[in-house]
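What's in query_14.txt: compact mmCIF, C-alpha atoms and all ligand atoms
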```txt
# COMPACT_ATOMS: atom_id res chain seq x y z
CA MET A 184 0.00 0.00 0.00
CA MET A 185 1.33 3.43 -0.90
CA ASN A 186 2.15 5.68 2.05
CA PRO A 187 1.71 9.37 1.16
CA THR A 188 4.57 10.35 3.47
CA HIS A 189 7.11 8.15 1.65
CA ARG A 190 9.82 10.00 -0.28
CA LEU A 191 10.50 7.13 -2.74
CA PRO A 192 7.06 5.73 -3.53
CA ASN A 193 7.04 3.01 -6.23
CA LYS A 194 10.78 3.41 -6.86
CA VAL A 195 13.17 0.53 -7.50
CA ALA A 196 16.67 1.13 -6.14
CA LEU A 197 19.90 -0.83 -6.56
CA ILE A 198 22.73 -0.28 -4.06
CA THR A 199 26.23 -1.72 -4.35
CA GLY A 200 28.32 -2.55 -1.29
CA ALA A 201 25.05 -2.62 0.65
CA ALA A 202 26.08 -5.28 3.19
CA SER A 203 27.95 -2.80 5.40
CA GLY A 204 28.48 0.82 6.42
CA ILE A 205 27.08 3.56 4.19
CA GLY A 206 25.55 1.10 1.71
CA ARG A 207 23.72 -0.78 4.45
CA ALA A 208 22.39 2.43 6.05
CA THR A 209 21.27 3.61 2.61
CA ALA A 210 19.47 0.34 1.85
CA LEU A 211 17.58 0.49 5.16
CA LEU A 212 16.66 4.16 4.70
CA LEU A 213 15.57 3.91 1.06
CA ALA A 214 13.42 0.89 1.92
CA ARG A 215 11.83 2.79 4.83
CA GLU A 216 10.99 5.55 2.34
CA GLY A 217 9.05 3.13 0.15
CA ALA A 218 11.60 1.91 -2.40
CA ALA A 219 11.96 -1.73 -3.40
CA VAL A 220 15.66 -2.21 -2.74
CA VAL A 221 18.03 -4.54 -4.56
CA VAL A 222 20.80 -5.08 -2.02
CA THR A 223 24.05 -6.12 -3.73
CA ASP A 224 27.51 -6.96 -2.37
CA VAL A 225 30.30 -9.53 -2.62
CA ALA A 226 29.57 -10.37 1.03
CA ALA A 227 26.61 -12.70 0.50
CA GLU A 228 25.73 -13.57 4.10
CA ALA A 229 25.82 -9.99 5.39
CA GLY A 230 24.00 -8.77 2.28
CA GLN A 231 21.22 -11.30 2.75
CA GLN A 232 20.94 -10.17 6.40
CA VAL A 233 20.33 -6.58 5.26
CA ALA A 234 17.60 -7.74 2.87
CA ASP A 235 16.05 -9.85 5.67
CA GLU A 236 16.16 -6.87 8.06
CA ILE A 237 14.30 -4.74 5.50
CA ALA A 238 11.69 -7.45 4.98
CA ARG A 239 11.20 -7.87 8.75
CA ALA A 240 10.53 -4.12 9.00
CA GLY A 241 7.81 -4.45 6.34
CA GLY A 242 9.90 -3.23 3.38
CA GLN A 243 10.65 -4.85 0.03
CA ALA A 244 14.19 -6.08 -0.63
CA ARG A 245 16.08 -8.67 -2.62
CA PHE A 246 19.74 -9.62 -2.16
CA LEU A 247 21.76 -10.35 -5.31
CA PRO A 248 25.49 -11.13 -5.13
CA LEU A 249 27.52 -8.67 -7.21
CA ASP A 250 31.21 -7.95 -7.59
CA VAL A 251 31.07 -4.44 -9.05
CA SER A 252 34.30 -4.95 -10.99
CA ASP A 253 32.82 -7.88 -12.98
CA GLU A 254 30.99 -6.78 -16.13
CA GLY A 255 29.35 -10.17 -16.69
CA ALA A 256 27.97 -10.11 -13.15
CA TRP A 257 26.52 -6.63 -13.75
CA GLN A 258 24.72 -7.90 -16.86
CA GLU A 259 23.21 -10.81 -14.91
CA VAL A 260 22.10 -8.63 -11.98
CA MET A 261 20.55 -6.03 -14.25
CA ASP A 262 18.73 -8.68 -16.30
CA GLN A 263 17.34 -10.24 -13.12
CA LEU A 264 16.40 -6.86 -11.62
CA LEU A 265 14.47 -5.83 -14.74
CA ARG A 266 12.78 -9.25 -14.94
CA GLU A 267 11.66 -9.10 -11.30
CA PHE A 268 10.95 -5.41 -10.79
CA GLY A 269 10.40 -4.15 -14.34
CA ARG A 270 12.34 -0.90 -13.91
CA LEU A 271 15.29 0.84 -12.25
CA ASP A 272 14.81 4.32 -10.77
CA VAL A 273 17.75 4.73 -8.40
CA ALA A 274 21.30 3.35 -8.55
CA VAL A 275 23.76 3.99 -5.73
CA ASN A 276 27.32 3.07 -6.73
CA ASN A 277 28.73 2.86 -3.24
CA ALA A 278 30.98 -0.24 -3.08
CA GLY A 279 34.58 0.68 -2.44
CA ILE A 280 37.75 -0.30 -0.66
CA ALA A 281 40.49 1.74 0.97
CA ALA A 282 44.09 0.59 0.94
CA GLY A 283 46.98 2.54 2.38
CA ARG A 284 50.54 2.10 1.13
CA PRO A 285 53.27 4.61 0.23
CA VAL A 286 53.71 4.92 -3.54
CA ALA A 287 57.30 3.66 -3.42
CA ASP A 288 56.17 0.44 -1.67
CA MET A 289 52.99 -0.23 -3.62
CA THR A 290 52.78 -3.08 -6.11
CA LEU A 291 51.02 -2.64 -9.42
CA THR A 292 48.59 -5.36 -8.29
CA GLU A 293 47.62 -3.37 -5.15
CA TRP A 294 47.22 -0.19 -7.20
CA ARG A 295 45.06 -1.91 -9.80
CA ARG A 296 42.85 -3.62 -7.20
CA VAL A 297 41.78 -0.26 -5.73
CA LEU A 298 41.20 1.31 -9.16
CA HIS A 299 39.41 -1.81 -10.39
CA ILE A 300 36.82 -1.82 -7.60
CA ASN A 301 36.51 1.92 -6.86
CA LEU A 302 36.64 3.26 -10.42
CA ASP A 303 35.86 0.42 -12.86
CA GLY A 304 33.02 -0.61 -10.52
CA VAL A 305 31.46 2.87 -10.66
CA PHE A 306 31.94 3.02 -14.45
CA LEU A 307 30.12 -0.31 -14.89
CA GLY A 308 27.34 0.57 -12.45
CA THR A 309 26.77 3.92 -14.14
CA LYS A 310 26.82 2.38 -17.61
CA PHE A 311 24.26 -0.34 -16.82
CA ALA A 312 22.07 2.08 -14.85
CA ILE A 313 22.01 4.66 -17.65
CA ARG A 314 20.98 1.98 -20.16
CA ALA A 315 18.15 0.70 -17.95
CA MET A 316 16.95 4.18 -16.98
CA GLN A 317 17.09 5.61 -20.52
CA ALA A 318 15.00 2.68 -21.71
CA GLY A 319 12.53 3.27 -18.85
CA GLN A 320 11.21 6.29 -16.95
CA GLY A 321 14.61 7.86 -16.31
CA GLY A 322 16.23 7.88 -12.91
CA SER A 323 18.84 9.06 -10.45
CA ILE A 324 22.38 7.69 -10.15
CA ILE A 325 24.38 8.54 -7.04
CA ASN A 326 28.10 7.77 -7.05
CA VAL A 327 29.92 7.72 -3.73
CA ALA A 328 33.31 9.40 -4.02
CA SER A 329 35.13 10.94 -1.03
CA ALA A 330 36.66 14.11 0.34
CA SER A 331 39.85 12.16 -0.40
CA GLY A 332 39.07 12.73 -4.07
CA ILE A 333 39.41 16.48 -3.43
CA LYS A 334 42.18 16.71 -0.83
CA ALA A 335 45.17 14.38 -0.94
CA SER A 336 46.34 12.20 1.97
CA ALA A 337 49.84 10.76 2.16
CA GLY A 338 49.78 6.98 1.94
CA ALA A 339 46.43 6.81 0.14
CA SER A 340 47.41 7.55 -3.46
CA ALA A 341 45.37 4.80 -5.12
CA TYR A 342 42.29 5.61 -3.03
CA CYS A 343 42.57 9.39 -3.58
CA ALA A 344 43.19 8.93 -7.31
CA SER A 345 40.25 6.56 -7.66
CA LYS A 346 37.88 8.94 -5.86
CA ALA A 347 39.05 12.01 -7.82
CA ALA A 348 38.41 9.99 -10.98
CA VAL A 349 34.92 8.97 -9.77
CA ARG A 350 34.04 12.65 -9.35
CA MET A 351 35.14 13.65 -12.85
CA PHE A 352 33.76 10.49 -14.47
CA SER A 353 30.36 11.13 -12.87
CA LYS A 354 30.20 14.71 -14.10
CA THR A 355 31.07 13.58 -17.63
CA ALA A 356 28.37 10.90 -17.52
CA ALA A 357 25.90 13.51 -16.23
CA LEU A 358 26.64 15.83 -19.15
CA GLU A 359 25.94 12.97 -21.56
CA CYS A 360 22.61 12.39 -19.78
CA VAL A 361 21.75 16.10 -20.01
CA ALA A 362 22.54 15.98 -23.74
CA ALA A 363 20.30 12.92 -24.07
CA GLY A 364 17.32 14.87 -22.67
CA GLY A 365 17.90 14.86 -18.92
CA LYS A 366 15.84 11.76 -18.05
CA VAL A 367 18.78 10.45 -16.07
CA ARG A 368 20.66 12.36 -13.38
CA VAL A 369 24.14 11.57 -12.09
CA ASN A 370 25.28 13.20 -8.87
CA VAL A 371 28.14 12.60 -6.46
CA VAL A 372 28.34 12.35 -2.68
CA SER A 373 31.79 13.05 -1.27
CA PRO A 374 31.95 12.35 2.46
CA GLY A 375 34.74 13.06 4.90
CA GLY A 376 35.36 10.41 7.57
CA VAL A 377 32.42 8.12 8.32
CA ALA A 378 32.34 5.61 11.19
CA THR A 379 32.03 2.33 9.27
CA PRO A 380 33.81 -1.05 9.18
CA ILE A 381 36.03 0.22 6.33
CA TRP A 382 38.41 1.48 9.03
CA GLU A 383 38.67 -1.96 10.62
CA LYS A 384 40.25 -3.24 7.39
CA GLN A 385 43.14 -0.73 7.49
CA ASP A 386 46.70 -1.64 8.49
CA PHE A 387 46.68 0.86 11.37
CA TRP A 388 43.47 -0.54 12.95
CA PRO A 389 45.12 -3.14 15.28
CA ASP A 390 47.38 -0.40 16.72
CA LEU A 391 44.39 1.90 17.22
CA VAL A 392 42.45 -0.86 19.01
CA ALA A 393 45.49 -1.61 21.19
CA LYS A 394 45.86 2.08 22.03
CA HIS A 395 42.20 2.55 22.99
CA GLY A 396 41.52 -0.87 24.54
CA SER A 397 38.67 -2.13 22.31
CA PRO A 398 37.31 -1.85 18.75
CA GLN A 399 34.38 0.19 20.09
CA ALA A 400 36.71 2.65 21.83
CA ALA A 401 38.86 2.87 18.69
CA MET A 402 35.80 3.72 16.59
CA GLN A 403 34.71 6.27 19.21
CA ALA A 404 38.15 7.86 19.02
CA LEU A 405 37.81 8.18 15.23
CA SER A 406 34.30 9.55 15.63
CA ALA A 407 35.58 12.15 18.09
CA GLU A 408 37.65 13.51 15.20
CA GLY A 409 34.41 14.67 13.59
CA PHE A 410 33.35 11.53 11.77
CA PHE A 411 29.85 11.25 10.36
CA THR A 412 27.45 8.39 10.92
CA PRO A 413 26.54 6.19 7.92
CA GLU A 414 22.93 7.27 8.49
CA GLN A 415 23.85 10.92 7.89
CA ILE A 416 25.43 10.06 4.52
CA ALA A 417 22.39 7.92 3.70
CA GLN A 418 20.16 10.98 4.26
CA ALA A 419 22.11 12.90 1.61
CA ILE A 420 21.84 9.95 -0.78
CA LEU A 421 18.08 9.77 -0.12
CA PHE A 422 17.72 13.42 -1.09
CA LEU A 423 19.60 12.85 -4.37
CA ALA A 424 17.58 9.68 -5.03
CA SER A 425 14.21 11.36 -4.51
CA ASP A 426 12.29 13.64 -6.85
CA GLU A 427 12.96 16.48 -4.35
CA SER A 428 16.32 16.88 -6.11
CA SER A 429 14.94 16.60 -9.66
CA TYR A 430 16.61 19.92 -10.55
CA LEU A 431 20.10 18.61 -9.61
CA ASN A 432 22.35 16.99 -12.20
CA ALA A 433 26.17 16.79 -12.45
CA GLY A 434 26.23 18.02 -8.85
CA GLU A 435 28.20 17.04 -5.80
CA LEU A 436 27.34 17.03 -2.11
CA VAL A 437 30.57 17.42 -0.17
CA ILE A 438 29.84 16.34 3.40
CA ASP A 439 33.02 17.13 5.28
CA ARG A 440 32.43 19.95 7.78
CA GLY A 441 34.68 22.15 5.68
CA TYR A 442 37.69 19.81 5.56
CA THR A 443 38.16 20.57 1.86
CA ALA A 444 36.66 24.08 1.85
N1 LIG A 501 33.95 5.35 5.77
C1 LIG A 501 34.51 6.48 5.35
O1 LIG A 501 35.19 7.21 6.10
C2 LIG A 501 34.29 6.93 3.92
C3 LIG A 501 34.56 8.27 3.59
C4 LIG A 501 34.36 8.68 2.27
C5 LIG A 501 33.92 7.79 1.32
N2 LIG A 501 33.67 6.49 1.67
C6 LIG A 501 33.21 5.59 0.62
O2 LIG A 501 31.95 5.07 0.95
C7 LIG A 501 31.76 3.81 0.30
C8 LIG A 501 31.27 2.80 1.33
O3 LIG A 501 32.29 2.63 2.30
P1 LIG A 501 32.00 2.21 3.81
O4 LIG A 501 32.77 3.13 4.66
O5 LIG A 501 30.56 2.01 4.05
O6 LIG A 501 32.79 0.81 3.82
P2 LIG A 501 32.43 -0.67 4.31
O7 LIG A 501 33.71 -1.41 4.26
O8 LIG A 501 31.67 -0.63 5.59
O9 LIG A 501 31.44 -1.17 3.16
C9 LIG A 501 31.88 -1.39 1.85
C10 LIG A 501 31.11 -2.56 1.25
O10 LIG A 501 31.57 -2.73 -0.09
C11 LIG A 501 31.68 -4.12 -0.33
N3 LIG A 501 32.59 -4.39 -1.42
C12 LIG A 501 33.97 -4.36 -1.41
N4 LIG A 501 34.44 -4.73 -2.61
C13 LIG A 501 33.36 -4.97 -3.40
C14 LIG A 501 33.19 -5.37 -4.74
N5 LIG A 501 34.26 -5.64 -5.53
N6 LIG A 501 31.94 -5.51 -5.23
C15 LIG A 501 30.87 -5.27 -4.45
N7 LIG A 501 30.95 -4.90 -3.17
C16 LIG A 501 32.19 -4.76 -2.65
C17 LIG A 501 32.13 -4.71 0.99
O11 LIG A 501 31.86 -6.09 1.07
C18 LIG A 501 31.35 -3.88 1.99
O12 LIG A 501 30.11 -4.49 2.30
C19 LIG A 501 33.13 3.45 -0.31
O13 LIG A 501 33.11 3.76 -1.69
C20 LIG A 501 34.09 4.36 0.44
O14 LIG A 501 35.24 4.63 -0.30
C21 LIG A 501 33.83 6.04 2.94
```
In structure tokens, write the structure found in this file.
Ligand SMILES: NC(=O)c1ccc[n+]([C@@H]2O[C@H](COP(=O)([O-])OP(=O)(O)OC[C@H]3O[C@@H](n4cnc5c(N)ncnc54)[C@H](O)[C@@H]3O)[C@@H](O)[C@H]2O)c1
Amino acid sequence: MMNPTHRLPNKVALITGAASGIGRATALLLAREGAAVVVTDVAAEAGQQVADEIARAGGQARFLPLDVSDEGAWQEVMDQLLREFGRLDVAVNNAGIAAGRPVADMTLTEWRRVLHINLDGVFLGTKFAIRAMQAGQGGSIINVASASGIKASAGASAYCASKAAVRMFSKTAALECVAAGGKVRVNVVSPGGVATPIWEKQDFWPDLVAKHGSPQAAMQALSAEGFFTPEQIAQAILFLASDESSYLNAGELVIDRGYTA
């Protein structure tokens, strides 16, 4: 039944990297706002749990495994999504990894892995979403970059380069959509630090936990540095996904408390 207060009534949304962090918070929020959500991730168990959580709360969700760097997998997911839901209105290209290593010590394999997931993954997601949306009612694509794509950080060259490229790639794709009639919008969200499990995968995490006594205390210490919650970033994504932002294309929401200002 349609709820008149919902901000995404009758919309179908696909989210990548939706098993954790920002993607998970976005999946839960978009579902609460009435969207049918296709939860995708390489982490199948955690992704299925997010879809189950949405269903338990009365929302509509489907988990599909997807490695964003695999073009064949994108084709399969998009075919299945269109078969089951008939349309795609919102695509959130959120999946990403962070890897820290000084340039002089980094292998080409490490460099390529970050670019492959963070940049190739967003390219593929944007490409398949534009095709589906152009063929349908149009839609909104939100690509998650980072303040690290604006301001450099020593030791994070691959990550910073990938996120800077996501920003410029997204604006280029948006211009093509404008030229094609504006049915499809492509906007970017560039957050500063967000308290998510991405930090637990970094080389410095064990030292931080040792210093603060527990993983929770380590995360609190990061948060004390002005980190955002995943739910706050999800709110910005919701705005860009909804028709409330129908006038925004090729834009960017930098959510960083002035870090890059
Ligand atoms: N947390 C931050 O401080 C922060 C700041 C700015 C931008 N971001 C960006 O936000 C996005 C989400 O990050 P997060 O902090 O929620 O991290 P997270 O580690 O909590 O979640 C990332 C998710 O992406 C998935 N993933 C990794 N590789 C994948 C692949 N090849 N295909 C599909 N899914 C894959 C992981 O399984 C995980 O569920 C990333 O693009 C990240 O770069 C994060």
Neighbours of ligand LIG 501 (chain A) within 7 Å, counting all atoms listed in the file, as a PyMOL selection string?
chain A and resi 199-206+223-226+249-252+277-281+300-301+327-330+373-382+413
Kindly save the residues from that selection, with C-alpha atoms included, as a PDB file, in the coordinates of the input.
```
ATOM      1  CA  THR A 199      26.230  -1.720  -4.350  1.00  0.00           C
ATOM      2  CA  GLY A 200      28.320  -2.550  -1.290  1.00  0.00           C
ATOM      3  CA  ALA A 201      25.050  -2.620   0.650  1.00  0.00           C
ATOM      4  CA  ALA A 202      26.080  -5.280   3.190  1.00  0.00           C
ATOM      5  CA  SER A 203      27.950  -2.800   5.400  1.00  0.00           C
ATOM      6  CA  GLY A 204      28.480   0.820   6.420  1.00  0.00           C
ATOM      7  CA  ILE A 205      27.080   3.560   4.190  1.00  0.00           C
ATOM      8  CA  GLY A 206      25.550   1.100   1.710  1.00  0.00           C
ATOM      9  CA  THR A 223      24.050  -6.120  -3.730  1.00  0.00           C
ATOM     10  CA  ASP A 224      27.510  -6.960  -2.370  1.00  0.00           C
ATOM     11  CA  VAL A 225      30.300  -9.530  -2.620  1.00  0.00           C
ATOM     12  CA  ALA A 226      29.570 -10.370   1.030  1.00  0.00           C
ATOM     13  CA  LEU A 249      27.520  -8.670  -7.210  1.00  0.00           C
ATOM     14  CA  ASP A 250      31.210  -7.950  -7.590  1.00  0.00           C
ATOM     15  CA  VAL A 251      31.070  -4.440  -9.050  1.00  0.00           C
ATOM     16  CA  SER A 252      34.300  -4.950 -10.990  1.00  0.00           C
ATOM     17  CA  ASN A 277      28.730   2.860  -3.240  1.00  0.00           C
ATOM     18  CA  ALA A 278      30.980  -0.240  -3.080  1.00  0.00           C
ATOM     19  CA  GLY A 279      34.580   0.680  -2.440  1.00  0.00           C
ATOM     20  CA  ILE A 280      37.750  -0.300  -0.660  1.00  0.00           C
ATOM     21  CA  ALA A 281      40.490   1.740   0.970  1.00  0.00           C
ATOM     22  CA  ILE A 300      36.820  -1.820  -7.600  1.00  0.00           C
ATOM     23  CA  ASN A 301      36.510   1.920  -6.860  1.00  0.00           C
ATOM     24  CA  VAL A 327      29.920   7.720  -3.730  1.00  0.00           C
ATOM     25  CA  ALA A 328      33.310   9.400  -4.020  1.00  0.00           C
ATOM     26  CA  SER A 329      35.130  10.940  -1.030  1.00  0.00           C
ATOM     27  CA  ALA A 330      36.660  14.110   0.340  1.00  0.00           C
ATOM     28  CA  SER A 373      31.790  13.050  -1.270  1.00  0.00           C
ATOM     29  CA  PRO A 374      31.950  12.350   2.460  1.00  0.00           C
ATOM     30  CA  GLY A 375      34.740  13.060   4.900  1.00  0.00           C
ATOM     31  CA  GLY A 376      35.360  10.410   7.570  1.00  0.00           C
ATOM     32  CA  VAL A 377      32.420   8.120   8.320  1.00  0.00           C
ATOM     33  CA  ALA A 378      32.340   5.610  11.190  1.00  0.00           C
ATOM     34  CA  THR A 379      32.030   2.330   9.270  1.00  0.00           C
ATOM     35  CA  PRO A 380      33.810  -1.050   9.180  1.00  0.00           C
ATOM     36  CA  ILE A 381      36.030   0.220   6.330  1.00  0.00           C
ATOM     37  CA  TRP A 382      38.410   1.480   9.030  1.00  0.00           C
ATOM     38  CA  PRO A 413      26.540   6.190   7.920  1.00  0.00           C
TER      39      PRO A 413
END
```
Calculated over all atoms listed in the file, which of the candidates A:Ser425, A:Glu414, A:Gln317, A:Ala219 has the smallest distance to Val361 (chain A)?
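When distances to Val361 (chain A) are compared using all atoms listed in the file, the smallest one comes from A:Gln317.
Counting from CA of Gly364 (chain A), the distance to CA of Gln320 (chain A) is 12.0 Å.
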Point out the residue among A:Thr292, A:Gln231, A:Gln418, A:Asn432 with the least atom-to-atom distance to Leu213 (chain A), counting only C-alpha atoms.
A:Gln418
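Here CA of Ala312 (chain A) and CA of Ala362 (chain A) stand 16.5 Å from one another.
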Padding 8 Å on every side, please: axis-aligned box over the listed atoms of region 308-324 of chain A, centre and edge lengths to one decimal in Å, as JSON.
```
{"center_x": 19.3, "center_y": 4.4, "center_z": -15.9, "size_x": 32.1, "size_y": 25.4, "size_z": 27.6}
```
Write out as a PyMOL selection string which residues come within 10 Å of Val233 (chain A) when counting all atoms listed in the file, dropping same-chain ones fewer than 5 positions away.
chain A and resi 201-203+206-208+210-211+222-223+227-228+238-239+244-246
Which residues, written as a PyMOL selection string, have at least one atom at most 10 Å from Ala337 (chain A), with all atoms listed in the file counted and residues fewer than 4 positions away on the same chain left out?
chain A and resi 283-286+343
If you measure from CA of Arg270 (chain A) to CA of Asn193 (chain A), what distance in Å do you get, rounded to one decimal?
10.1 Å
Counting only C-alpha atoms, closest pick from A:Lys346, A:Trp388, A:Phe411, A:Gly338 relative to Met289 (chain A) is A:Gly338
Close residues, Val275 (chain A) itself excluded, 7 Å, only C-alpha atoms, min 5 positions apart in chain, as an MDAnalysis selection string:
chainID A and resid 197:199 324:326
Distance criterion (all atoms listed in the file): nearest to Val369 (chain A) out of A:Ala341, A:Glu293, A:Asn276, A:Ala282
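Of all the options, A:Asn276 lies closest to Val369 (chain A).
Shortest atom-to-atom contact with Ala339 (chain A) among A:Leu436, A:Asp303, A:Ala407, A:Ala287: A:Ala287, counting only C-alpha atoms.
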Go through A:Ile333, A:Met402, A:Ala196, A:Ala393 one by one, measure the shortest atom-to-atom distance of each to Met351 (chain A) using all atoms listed in the file, and give the residue with the smallest value.
A:Ile333
